[in-house]
Each structure stands twice: as structure tokens, then as C-alpha cells.
Amino acid sequence: MLKKALLVVDYTVDFVAVDGALTCGKPGIALEEYITELTEQFLDEQHFVVMPVDLHELEDPYHPETKQFPPHNIRGTAGRDLYGSLQNVYEKRKEAIYWMDKTRFSAFAGTDLELQLRSRAITEIHLVGVCTDICILHTAVDAYNRGFTIVIHEKGVASFDAEGHAWALRHFENTLGATIIK
């Protein structure tokens, strides 16, 4: 039975492309090859691969991000597509990938992620995607609180905030006891 999972968090056009609605820009773009190759490796080894993808409704008055950030990852828009070559991998192998809409920073908040992981006896989660100090961080904290072993791939995470990125990497290792793969 599978024991580890790869979570590719929010690696979408809106968060990564130069013209994305809430983009990391170059730091996010630089992750493409690493994330795509790691995803293919996990799939080839028959590990559980999850795509937790941000989902918002246009001008949702009840969502806290509506006032914090410009509209992004809006239902039905190309901004929710996976970025670059990762979209091709998804199209070719989507039967082996668990797509999961999420509406909060953490991939655990209001989703069935924990149920999916527990039902497969997964104890170790590997995190890649964006943003290091927002959705990756909140997902890692929730994983820690649920007793999962956490692995962060440093070459697979980025943010639009370089200081926040560096702080989050230290926090993963020093506070959450995560393994950082350099």
C-alpha cells in the first residue's frame, strides 16, 4: 500500500505565469521542470499525487481573500489551469491524479484530503508549489497538527515574497520538524 503522497499546491497559471492574476512570476516559473519531473516520478512509482487547486467565485463577498488579493483562480477561467508542462502531465495522466478544489490557504481546510490520505495509509506528504509562505505553509501546519511526516522540496516551492519564502523554509524545518530536500 502507498505510504507517501505528493501535493502539488496551486501551481496554476494565475499564480505562476508572468501575466497571472496573483503571480509569483520568475520564482514560480523556475519551478516548472522540477515540479513536472517530480510529479512524473511519483506517478511512475505509483504514489498518490494530489493537485490541491485554489477555487474562487468572482467578487464573493463572504470570502476573506476577496478584500486581500486581486481576483484569482476564478471558477471556469484559464487561470485555474496548471502551469506549463504540468498541465500536459495532468491531461495525459489525470486518471492517476487526484484533483482537489480548495477554497482556503490550507489544502486540508474544508476538503477530504485527510480522508484520502488516511484511506491509503499515507504517513508522509511531500509538498511543492506556491506560495511557500501562504498555501504551502498553512498546508504544512495542518499536516503537522494531524501527525503527518512533512517533506518540503526547496527547489519546488516559491513565493512573490522572498523574505516570507526564507522564513517559511526555516519554520518548516525548525518548528514543524519537516525534512527540507535541497
# chains A, B, ... in the order shown; residues from 1 in each chain; ligands from 1
>>> select_by_dssp(residues="stretch 28-77 of chain A", states="strand (DSSP E)", output="PyMOL selection string")
chain A and resi 48-54
>>> residues_around(residues="A:Arg170", least_positions_apart="4", cutoff="12 Å", atoms="only C-alpha atoms", output="PyMOL selection string")
chain A and resi 132-133+137+152+154+163-166+174-180
>>> residues_around(residues="A:Gly110", least_positions_apart="5", cutoff="12 Å", atoms="only C-alpha atoms", output="list in words")
Pro52, Met100, Asp101, Lys102, Thr103, Arg104, Phe105, Leu115, Thr139 and Asp142 of chain A
>>> residues_around(residues="stretch 155-159 of chain A", least_positions_apart="6", cutoff="12 Å", atoms="only C-alpha atoms", output="ChimeraX atom specification")
/A:6-11,15-16,22-39,126-137,165-169,180-182
>>> select_by_dssp(residues="stretch 8-122 of chain A", states="helix (DSSP H, G or I)", output="PyMOL selection string")
chain A and resi 13-16+26-29+32-44+65-68+78-80+85-96+113-119
>>> write_last_selection(atoms="C-alpha atoms", output="CSV table (one decimal), in the first residue's frame")
chain,number,residue,atom,x,y,z
A,13,VAL,CA,-1.5,30.0,-14.4
A,14,ASP,CA,-2.8,32.7,-12.1
A,15,PHE,CA,-0.1,32.0,-9.5
A,16,VAL,CA,2.8,31.4,-11.8
A,26,LYS,CA,10.0,34.3,-12.2
A,27,PRO,CA,10.5,32.3,-8.9
A,28,GLY,CA,7.3,30.3,-9.7
A,29,ILE,CA,8.2,29.8,-13.3
A,32,GLU,CA,8.3,24.1,-13.7
A,33,GLU,CA,10.8,21.5,-14.7
A,34,TYR,CA,11.4,20.3,-11.1
A,35,ILE,CA,7.7,20.0,-10.2
A,36,THR,CA,6.8,18.3,-13.5
A,37,GLU,CA,9.6,15.8,-13.2
A,38,LEU,CA,8.8,15.1,-9.5
A,39,THR,CA,5.1,14.6,-10.4
A,40,GLU,CA,6.0,12.1,-13.1
A,41,GLN,CA,8.4,10.3,-10.7
A,42,PHE,CA,5.7,9.9,-8.1
A,43,LEU,CA,3.2,8.8,-10.7
A,44,ASP,CA,5.7,6.3,-12.1
A,65,GLU,CA,-9.4,36.8,0.2
A,66,THR,CA,-11.8,39.0,-1.8
A,67,LYS,CA,-10.6,42.0,0.2
A,68,GLN,CA,-7.0,40.9,0.5
A,78,ALA,CA,-7.9,29.6,-17.7
A,79,GLY,CA,-6.2,31.0,-14.6
A,80,ARG,CA,-7.0,27.7,-12.8
A,85,SER,CA,4.2,21.3,-18.8
A,86,LEU,CA,2.4,20.2,-15.6
A,87,GLN,CA,-0.9,20.8,-17.4
A,88,ASN,CA,0.3,18.3,-20.1
A,89,VAL,CA,1.2,15.7,-17.5
A,90,TYR,CA,-2.2,16.2,-15.9
A,91,GLU,CA,-4.0,15.8,-19.2
A,92,LYS,CA,-2.1,12.6,-20.1
A,93,ARG,CA,-2.4,11.0,-16.6
A,94,LYS,CA,-5.4,12.5,-14.9
A,95,GLU,CA,-6.8,9.1,-14.1
A,96,ALA,CA,-3.9,8.7,-11.7
A,113,LEU,CA,-7.7,15.5,1.9
A,114,GLU,CA,-7.1,13.9,5.2
A,115,LEU,CA,-9.7,11.2,4.4
A,116,GLN,CA,-8.0,10.5,1.1
A,117,LEU,CA,-4.5,10.2,2.7
A,118,ARG,CA,-5.7,8.1,5.7
A,119,SER,CA,-7.6,5.7,3.4
>>> atom_distance(atom1="atom CA of A:His72", atom2="atom CA of A:Ala21")
5.4 Å
>>> closest_residue(among="A:Phe108, A:Trp99, A:Phe160, A:Tyr83", to="A:Asn145", atoms="only C-alpha atoms")
A:Phe108
